[in-house]
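*Asks:* Got a structure for you, entry_33.txt, holding compact mmCIF, C-alpha atoms.
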# COMPACT_ATOMS: atom_id res chain seq x y z
CA MET H 13 -2.24 -6.51 0.22
CA ASP H 14 -3.62 -5.21 -3.08
CA PHE H 15 -6.56 -7.11 -4.56
CA TYR H 16 -4.64 -8.74 -7.40
CA ALA H 17 -2.00 -10.02 -4.98
CA LEU H 18 -4.81 -11.28 -2.74
CA VAL H 19 -6.52 -13.17 -5.56
CA ASN H 20 -3.18 -14.70 -6.47
CA ALA H 21 -2.52 -15.67 -2.86
CA ARG H 22 -5.89 -17.45 -2.42
CA TYR H 23 -5.58 -21.20 -2.81
CA SER H 24 -7.69 -24.13 -1.73
CA ILE H 25 -5.87 -25.43 1.33
CA ARG H 26 -6.46 -29.06 2.30
CA SER H 27 -4.19 -29.42 5.33
CA TYR H 28 -4.35 -27.26 8.47
CA LYS H 29 -2.37 -26.74 11.65
CA THR H 30 -4.25 -27.36 14.90
CA GLU H 31 -3.31 -23.84 16.08
CA PRO H 32 -6.55 -22.03 16.99
CA VAL H 33 -7.73 -18.90 15.17
CA PRO H 34 -8.26 -15.91 17.50
CA GLU H 35 -11.91 -14.90 17.80
CA GLU H 36 -11.01 -11.30 16.95
CA ILE H 37 -9.76 -12.42 13.54
CA ILE H 38 -12.88 -14.51 12.90
CA ARG H 39 -15.00 -11.46 13.74
CA ARG H 40 -13.07 -9.28 11.27
CA ILE H 41 -13.51 -11.91 8.56
CA LEU H 42 -17.25 -12.16 9.19
CA GLY H 43 -17.41 -8.37 9.15
CA ALA H 44 -16.27 -8.50 5.51
CA ALA H 45 -19.11 -10.93 4.72
CA ARG H 46 -21.55 -8.61 6.45
CA LEU H 47 -20.68 -5.82 3.98
CA ALA H 48 -21.20 -8.01 0.90
CA PRO H 49 -23.77 -6.80 -1.62
CA SER H 50 -26.94 -8.85 -2.11
CA ALA H 51 -29.86 -8.61 -4.52
CA ALA H 52 -32.19 -5.83 -3.32
CA ASN H 53 -30.00 -5.74 -0.16
CA MET H 54 -32.00 -8.62 1.34
CA GLN H 55 -28.91 -10.10 3.09
CA PRO H 56 -30.58 -13.54 3.12
CA TRP H 57 -27.77 -15.25 5.02
CA HIS H 58 -26.53 -16.69 8.29
CA PHE H 59 -23.07 -17.97 9.20
CA PHE H 60 -22.09 -20.66 11.67
CA VAL H 61 -18.66 -20.58 13.28
CA VAL H 62 -18.02 -24.17 14.29
CA ARG H 63 -15.11 -24.63 16.68
CA ASP H 64 -16.49 -27.54 18.72
CA GLU H 65 -14.67 -30.64 17.50
CA LYS H 66 -17.60 -33.04 17.72
CA THR H 67 -19.82 -30.65 15.77
CA ARG H 68 -17.10 -30.14 13.16
CA ARG H 69 -16.82 -33.86 12.63
CA GLY H 70 -20.60 -34.15 12.43
CA LEU H 71 -20.63 -31.91 9.33
CA PHE H 72 -18.84 -34.46 7.15
CA SER H 73 -19.89 -38.02 6.41
CA ASN H 74 -17.05 -38.76 4.05
CA GLU H 75 -13.79 -39.99 5.56
CA ARG H 76 -12.01 -38.34 2.64
CA GLN H 77 -13.04 -34.99 4.15
CA ALA H 78 -11.48 -35.65 7.56
CA TRP H 79 -8.83 -33.05 6.69
CA ALA H 80 -11.57 -30.38 6.61
CA ALA H 81 -13.11 -31.41 9.93
CA ALA H 82 -9.62 -31.34 11.47
CA ALA H 83 -9.20 -27.58 10.89
CA PRO H 84 -9.68 -25.57 14.11
CA VAL H 85 -12.74 -23.80 12.66
CA VAL H 86 -15.31 -24.68 10.02
CA LEU H 87 -17.46 -21.81 8.72
CA VAL H 88 -20.85 -22.77 7.31
CA ALA H 89 -22.67 -20.29 5.07
CA CYS H 90 -26.44 -20.68 4.96
CA SER H 91 -29.00 -18.89 2.82
CA TYR H 92 -32.67 -18.17 3.40
CA PRO H 93 -34.13 -18.85 -0.07
CA ASP H 94 -37.56 -17.60 1.06
CA LYS H 95 -36.08 -14.25 2.08
CA ALA H 96 -33.98 -13.74 -1.07
CA TRP H 97 -34.88 -11.50 -4.00
CA VAL H 98 -36.84 -13.24 -6.75
CA ARG H 99 -36.87 -11.76 -10.27
CA SER H 100 -40.46 -11.04 -11.23
CA GLY H 101 -40.08 -11.84 -14.95
CA ASP H 102 -38.97 -15.45 -14.62
CA GLY H 103 -39.08 -16.20 -10.89
CA LYS H 104 -35.33 -16.76 -10.59
CA ASN H 105 -34.34 -16.93 -6.92
CA HIS H 106 -31.04 -15.16 -6.14
CA SER H 107 -30.13 -16.80 -2.82
CA ASP H 108 -27.23 -18.81 -4.30
CA VAL H 109 -25.81 -15.68 -5.92
CA ASP H 110 -26.04 -13.73 -2.65
CA ILE H 111 -24.52 -16.34 -0.38
CA ALA H 112 -21.68 -17.00 -2.84
CA ILE H 113 -20.68 -13.33 -2.79
CA ALA H 114 -20.66 -13.24 1.01
CA MET H 115 -18.72 -16.51 1.24
CA GLU H 116 -16.07 -15.27 -1.17
CA HIS H 117 -15.67 -12.15 0.99
CA ILE H 118 -14.96 -14.56 3.88
CA VAL H 119 -12.43 -16.50 1.82
CA LEU H 120 -10.62 -13.37 0.64
CA ALA H 121 -10.62 -11.76 4.10
CA ALA H 122 -9.15 -14.97 5.51
CA THR H 123 -6.43 -14.83 2.84
CA GLU H 124 -5.69 -11.25 3.89
CA GLU H 125 -5.30 -12.55 7.47
CA GLY H 126 -2.82 -15.22 6.35
CA LEU H 127 -5.36 -17.99 6.89
CA GLY H 128 -6.19 -20.88 4.60
CA THR H 129 -9.65 -21.79 3.33
CA CYS H 130 -11.24 -24.20 0.88
CA TRP H 131 -14.71 -23.80 -0.61
CA ILE H 132 -16.67 -27.02 -0.01
CA CYS H 133 -20.08 -27.59 -1.59
CA ALA H 134 -19.70 -31.38 -1.76
CA PHE H 135 -21.50 -32.31 1.45
CA ASP H 136 -24.74 -33.90 2.55
CA PRO H 137 -27.14 -31.03 3.34
CA ALA H 138 -29.28 -33.27 5.57
CA LEU H 139 -26.24 -34.11 7.68
CA VAL H 140 -25.27 -30.44 8.04
CA ARG H 141 -28.86 -29.52 8.91
CA SER H 142 -28.84 -32.16 11.61
CA ALA H 143 -25.38 -31.31 12.99
CA LEU H 144 -26.26 -27.62 13.34
CA GLY H 145 -29.97 -28.00 14.10
CA LEU H 146 -30.86 -25.72 11.20
CA PRO H 147 -34.42 -24.51 10.86
CA GLY H 148 -36.14 -25.69 7.68
CA GLU H 149 -36.01 -22.29 5.99
CA MET H 150 -32.19 -22.20 6.17
CA GLU H 151 -30.17 -23.89 3.40
CA PRO H 152 -26.52 -24.78 3.99
CA VAL H 153 -24.86 -23.77 0.70
CA ALA H 154 -21.12 -23.76 1.33
CA MET H 155 -18.56 -24.51 4.01
CA THR H 156 -14.90 -23.76 4.45
CA PRO H 157 -12.36 -24.92 6.96
CA LEU H 158 -10.46 -21.98 8.45
CA GLY H 159 -6.98 -22.22 9.88
CA TYR H 160 -3.28 -21.84 9.28
CA ALA H 161 -2.09 -23.79 6.26
CA GLU H 162 0.05 -26.84 6.93
CA ALA H 163 0.84 -27.65 3.30
CA GLU H 164 1.85 -25.68 0.25
CA PRO H 165 -0.85 -25.19 -2.37
CA LEU H 166 -0.88 -27.09 -5.63
CA PRO H 167 -0.48 -25.20 -8.93
CA ARG H 168 -3.71 -23.67 -10.20
CA LYS H 169 -5.21 -24.48 -13.59
CA ARG H 170 -7.39 -21.94 -15.37
CA LYS H 171 -8.75 -21.30 -18.84
CA SER H 172 -7.04 -18.45 -20.71
CA LEU H 173 -8.55 -14.97 -20.71
CA ASP H 174 -9.20 -15.14 -24.45
CA GLU H 175 -11.22 -18.30 -23.94
CA ILE H 176 -13.59 -16.73 -21.41
CA VAL H 177 -14.04 -13.17 -22.73
CA THR H 178 -15.86 -11.64 -25.71
CA TRP H 179 -15.46 -7.94 -26.58
CA ARG H 180 -18.34 -6.01 -28.17
CA MET T 11 -5.48 -1.37 -0.64
CA ASP T 12 -6.04 -3.98 2.07
CA PHE T 13 -9.11 -6.19 1.69
CA TYR T 14 -11.12 -4.61 4.52
CA ALA T 15 -10.54 -1.14 3.08
CA LEU T 16 -11.55 -2.48 -0.32
CA VAL T 17 -14.80 -3.98 0.96
CA ASN T 18 -15.56 -0.69 2.68
CA ALA T 19 -14.80 1.25 -0.50
CA ARG T 20 -17.12 -0.87 -2.67
CA TYR T 21 -20.47 0.82 -3.22
CA SER T 22 -23.21 0.45 -5.79
CA ILE T 23 -22.63 3.38 -8.13
CA ARG T 24 -25.59 4.60 -10.17
CA SER T 25 -24.07 7.55 -12.05
CA TYR T 26 -20.98 7.38 -14.29
CA LYS T 27 -18.72 9.77 -16.17
CA THR T 28 -18.52 9.22 -19.93
CA GLU T 29 -14.70 8.95 -19.66
CA PRO T 30 -13.68 5.63 -21.24
CA VAL T 31 -11.99 2.86 -19.27
CA PRO T 32 -8.60 1.81 -20.72
CA GLU T 33 -8.62 -1.70 -22.15
CA GLU T 34 -5.56 -2.60 -20.09
CA ILE T 35 -7.53 -1.97 -16.90
CA ILE T 36 -10.49 -4.03 -18.12
CA ARG T 37 -8.09 -6.89 -18.86
CA ARG T 38 -6.61 -6.74 -15.37
CA ILE T 39 -10.10 -6.80 -13.87
CA LEU T 40 -11.12 -9.81 -15.95
CA GLY T 41 -7.87 -11.49 -14.95
CA ALA T 42 -9.10 -11.41 -11.35
CA ALA T 43 -12.33 -13.13 -12.43
CA ARG T 44 -10.32 -15.73 -14.28
CA LEU T 45 -8.61 -16.77 -11.02
CA ALA T 46 -11.88 -17.16 -9.10
CA PRO T 47 -12.54 -20.58 -7.58
CA SER T 48 -15.43 -22.66 -8.95
CA ALA T 49 -16.98 -25.95 -7.93
CA ALA T 50 -14.74 -28.79 -9.16
CA ASN T 51 -12.79 -26.06 -11.03
CA MET T 52 -15.29 -26.25 -13.92
CA GLN T 53 -15.02 -22.47 -14.63
CA PRO T 54 -18.49 -22.54 -16.25
CA TRP T 55 -18.45 -18.90 -17.26
CA HIS T 56 -18.06 -16.34 -20.03
CA PHE T 57 -17.85 -12.56 -19.82
CA PHE T 58 -18.95 -9.95 -22.33
CA VAL T 59 -17.28 -6.54 -22.38
CA VAL T 60 -19.85 -4.26 -23.97
CA ARG T 61 -18.49 -0.89 -25.06
CA ASP T 62 -20.61 -0.36 -28.19
CA GLU T 63 -23.29 2.14 -27.21
CA LYS T 64 -26.13 0.61 -29.19
CA THR T 65 -25.44 -2.81 -27.72
CA ARG T 66 -25.26 -1.35 -24.22
CA ARG T 67 -28.66 0.26 -24.64
CA GLY T 68 -30.03 -2.99 -26.03
CA LEU T 69 -29.32 -4.75 -22.73
CA PHE T 70 -31.89 -2.74 -20.79
CA SER T 71 -35.59 -2.42 -21.50
CA ASN T 72 -36.37 -0.28 -18.51
CA GLU T 73 -35.94 3.48 -18.87
CA ARG T 74 -35.14 3.57 -15.16
CA GLN T 75 -31.89 1.73 -15.99
CA ALA T 76 -30.70 4.28 -18.56
CA TRP T 77 -28.01 5.31 -16.04
CA ALA T 78 -26.49 1.82 -16.35
CA ALA T 79 -26.52 1.79 -20.16
CA ALA T 80 -24.86 5.22 -20.09
CA ALA T 81 -21.69 3.92 -18.42
CA PRO T 82 -18.79 3.54 -20.90
CA VAL T 83 -18.68 -0.23 -20.35
CA VAL T 84 -21.19 -2.85 -19.27
CA LEU T 85 -19.82 -6.22 -18.22
CA VAL T 86 -22.17 -9.18 -18.58
CA ALA T 87 -21.39 -12.38 -16.65
CA CYS T 88 -22.84 -15.54 -18.16
CA SER T 89 -22.85 -19.09 -16.80
CA TYR T 90 -23.02 -22.43 -18.56
CA PRO T 91 -25.40 -24.37 -16.28
CA ASP T 92 -24.83 -27.56 -18.27
CA LYS T 93 -21.07 -27.35 -17.69
CA ALA T 94 -21.28 -26.56 -13.96
CA TRP T 95 -20.72 -29.04 -11.15
CA VAL T 96 -23.88 -30.78 -9.96
CA ARG T 97 -23.98 -32.36 -6.49
CA SER T 98 -24.75 -36.06 -6.85
CA GLY T 99 -26.81 -36.39 -3.66
CA ASP T 100 -29.53 -33.88 -4.49
CA GLY T 101 -28.74 -32.67 -8.03
CA LYS T 102 -28.06 -29.08 -6.95
CA ASN T 103 -26.47 -27.16 -9.82
CA HIS T 104 -23.69 -24.78 -8.73
CA SER T 105 -23.56 -22.43 -11.72
CA ASP T 106 -25.07 -19.50 -9.81
CA VAL T 107 -22.57 -19.94 -6.99
CA ASP T 108 -19.64 -20.05 -9.43
CA ILE T 109 -20.60 -17.05 -11.53
CA ALA T 110 -21.35 -14.97 -8.43
CA ILE T 111 -17.84 -15.56 -7.09
CA ALA T 112 -16.25 -14.56 -10.39
CA MET T 113 -18.47 -11.47 -10.71
CA GLU T 114 -17.59 -10.30 -7.21
CA HIS T 115 -13.91 -10.64 -8.12
CA ILE T 116 -14.67 -8.26 -11.02
CA VAL T 117 -16.47 -5.83 -8.74
CA LEU T 118 -13.68 -5.83 -6.14
CA ALA T 119 -10.92 -5.54 -8.74
CA ALA T 120 -12.76 -2.58 -10.27
CA THR T 121 -12.91 -0.98 -6.82
CA GLU T 122 -9.15 -1.49 -6.48
CA GLU T 123 -8.78 0.34 -9.82
CA GLY T 124 -10.85 3.29 -8.59
CA LEU T 125 -13.79 2.32 -10.81
CA GLY T 126 -17.46 2.16 -9.89
CA THR T 127 -19.72 -0.86 -10.39
CA CYS T 128 -23.24 -1.92 -9.53
CA TRP T 129 -24.47 -5.52 -9.46
CA ILE T 130 -27.58 -5.77 -11.64
CA CYS T 131 -29.68 -8.96 -11.73
CA ALA T 132 -32.94 -7.14 -12.47
CA PHE T 133 -33.00 -7.48 -16.25
CA ASP T 134 -34.87 -9.38 -18.93
CA PRO T 135 -32.72 -12.43 -19.79
CA ALA T 136 -34.41 -12.80 -23.20
CA LEU T 137 -33.45 -9.22 -24.08
CA VAL T 138 -29.84 -9.75 -23.01
CA ARG T 139 -29.68 -13.03 -24.96
CA SER T 140 -30.93 -11.23 -28.03
CA ALA T 141 -28.66 -8.16 -27.65
CA LEU T 142 -25.55 -10.34 -27.31
CA GLY T 143 -26.62 -13.20 -29.55
CA LEU T 144 -26.03 -15.69 -26.73
CA PRO T 145 -26.11 -19.40 -27.53
CA GLY T 146 -28.88 -21.26 -25.73
CA GLU T 147 -26.55 -22.98 -23.27
CA MET T 148 -25.31 -19.64 -21.88
CA GLU T 149 -27.32 -17.94 -19.12
CA PRO T 150 -26.82 -14.22 -18.43
CA VAL T 151 -26.76 -14.07 -14.61
CA ALA T 152 -25.47 -10.63 -13.70
CA MET T 153 -24.34 -7.36 -15.22
CA THR T 154 -22.47 -4.34 -13.97
CA PRO T 155 -21.79 -0.98 -15.50
CA LEU T 156 -18.09 -0.10 -15.26
CA GLY T 157 -16.77 3.43 -15.22
CA TYR T 158 -15.62 6.34 -13.12
CA ALA T 159 -18.18 7.37 -10.53
CA GLU T 160 -19.99 10.65 -11.10
CA ALA T 161 -21.90 10.70 -7.82
CA GLU T 162 -21.10 9.98 -4.20
CA PRO T 163 -22.45 6.69 -2.86
CA LEU T 164 -25.42 6.54 -0.52
CA PRO T 165 -24.95 5.24 3.04
CA ARG T 166 -25.02 1.45 3.30
CA LYS T 167 -27.48 -0.43 5.50
CA ARG T 168 -26.57 -3.84 6.87
CA LYS T 169 -27.76 -6.22 9.58
CA SER T 170 -25.53 -6.38 12.66
CA LEU T 171 -22.91 -9.10 13.00
CA ASP T 172 -24.73 -10.61 15.99
CA GLU T 173 -27.84 -10.98 13.87
CA ILE T 174 -26.13 -12.99 11.15
CA VAL T 175 -23.67 -15.17 13.10
CA THR T 176 -24.03 -18.18 15.43
CA TRP T 177 -21.03 -19.56 17.33
CA ARG T 178 -20.76 -23.27 18.09
Starting from the file, give its structure as structure tokens.
*Replies:*
Amino acid sequence: MDFYALVNARYSIRSYKTEPVPEEIIRRILGAARLAPSAANMQPWHFFVVRDEKTRRGLFSNERQAWAAAAPVVLVACSYPDKAWVRSGDGKNHSDVDIAIAMEHIVLAATEEGLGTCWICAFDPALVRSALGLPGEMEPVAMTPLGYAEAEPLPRKRKSLDEIVTWR
Amino acid sequence: MDFYALVNARYSIRSYKTEPVPEEIIRRILGAARLAPSAANMQPWHFFVVRDEKTRRGLFSNERQAWAAAAPVVLVACSYPDKAWVRSGDGKNHSDVDIAIAMEHIVLAATEEGLGTCWICAFDPALVRSALGLPGEMEPVAMTPLGYAEAEPLPRKRKSLDEIVTWR
């Protein structure tokens, strides 16, 4: 679908069917992340496709997030802050910017495939590190469940365009 | 076009025609940023549409970036770090993640419109603050020229999917 329709169709989905997601579709979605731009093209990222149920449950400590662990797949987006571009003037590290772009490509590609997602940054990084056995240089930045939506999305609330834009 | 075609069509464009971009198109593009997800839906962002030539040139100190200032529009994406969601466990501020998602919506919407863009994070934040008269709580995080491409894109280099993905 066209990009505006896609952006309108993307919602945070918090209830998933148990129906598995074909590996071919997951590969296409990750292929869209692979083509994401990154500062100085450093591509300081790695993605975990977690289908194993025990590992999925190990990513979340909070019972209120059981709905996310129950999705057939959880994708975990990790950055390598030490490999990311750092601006020389002020030392700003761009790993969060880079991984966010790639993760949103995943979310939008999943929407194109008719799959639900939900950005999750509210997690315990130490728990995720332990569940996935992450090396120290890898930072888990965001996760999303991936699966077919069980529930209808809630209405979306946004600021108006006039509130967020200045013309010069 | 479909999202995979769109991601393939997105390139960093470093040469623009002087042909102006209709305001209606710029509004549609910003509308896609407006619908971007953000942590806890804080929407900690503001966008500047810079068409005034003197202001555009004032954003860049480096003569090597004259190509960017020469585009008919420069979009500047600013975050409000103090208004962004902060994770309670470790105090991680998510303003960079949020603004990167919104900016990539801009870049992809522009691609859908047949317009060229180029993510730019290599700039002097103090200069951008001064050129736009930004209040202290606003951080300029990324810019992109916006216009019709003058030159063909260069080939894109990316790591392989196997290199960036682990299955569990």
*Asks:* Write out, as CSV, each residue of chain H that has an atom at most 6 Å from chain T, together with the closest pair of atoms and their distance in Å to one decimal, counting all atoms listed in the file, rows going by chain and rising number.
*Replies:*
residue,atom,partner,partner_atom,distance
H:Met13,CA,T:Asp12,CA,4.9
H:Asp14,CA,T:Met11,CA,4.9
H:His58,CA,T:Ile174,CA,4.7
H:Phe59,CA,T:Val175,CA,4.8
H:Phe60,CA,T:Thr176,CA,4.9
H:Val61,CA,T:Trp177,CA,4.8
H:Val62,CA,T:Arg178,CA,4.8
H:Arg63,CA,T:Arg178,CA,6.0
H:Asp108,CA,T:Val107,CA,5.5
H:Val109,CA,T:Ala110,CA,5.2
H:Ala112,CA,T:Val107,CA,5.2
H:Ile113,CA,T:Ile111,CA,5.6
H:Ile176,CA,T:His56,CA,4.7
H:Val177,CA,T:Phe57,CA,4.8
H:Thr178,CA,T:Phe58,CA,4.9
H:Trp179,CA,T:Val59,CA,4.8
H:Arg180,CA,T:Val60,CA,4.8
*Asks:* Please provide as a PyMOL selection string all residues within 9 Å of Gly70 of chain H, with the sequence filter that same-chain residues fewer than 5 positions apart are discarded (counting only C-alpha atoms).
*Replies:* chain H and resi 65+81+139-140+142-144
*Asks:* Neighbourhood query: residues within 12 Å of (-8.9, -26.7, 4.2), file coordinates, counting all atoms listed in the file; return as an MDAnalysis selection string.
*Replies:* chainID H and resid 22:30 77:87 119 122 127:132 155:165
*Asks:* Residues at most 10 Å from Arg139 of chain T, counting all atoms listed in the file, excluding those fewer than 5 positions away in the same chain, as a PyMOL selection string?
*Replies:* chain T and resi 69+88+134+144-146+148-150
*Asks:* Do you have the atom CA of Ile35 of chain T-atom CA of Ala94 of chain T distance handy?
*Replies:*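 These atoms are spaced 28.3 Å apart.
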*Asks:* Interatomic distance between atom CA of Lys66 of chain H and atom CA of Gly145 of chain H?
*Replies:* 13.8 Å
*Asks:* Could you please determine the separation between atom CA of Arg74 of chain T and atom CA of Ser89 of chain T in Å, to one decimal place?
*Replies:*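 Value for the atom CA of Arg74 of chain T-atom CA of Ser89 of chain T distance: 25.8 Å.
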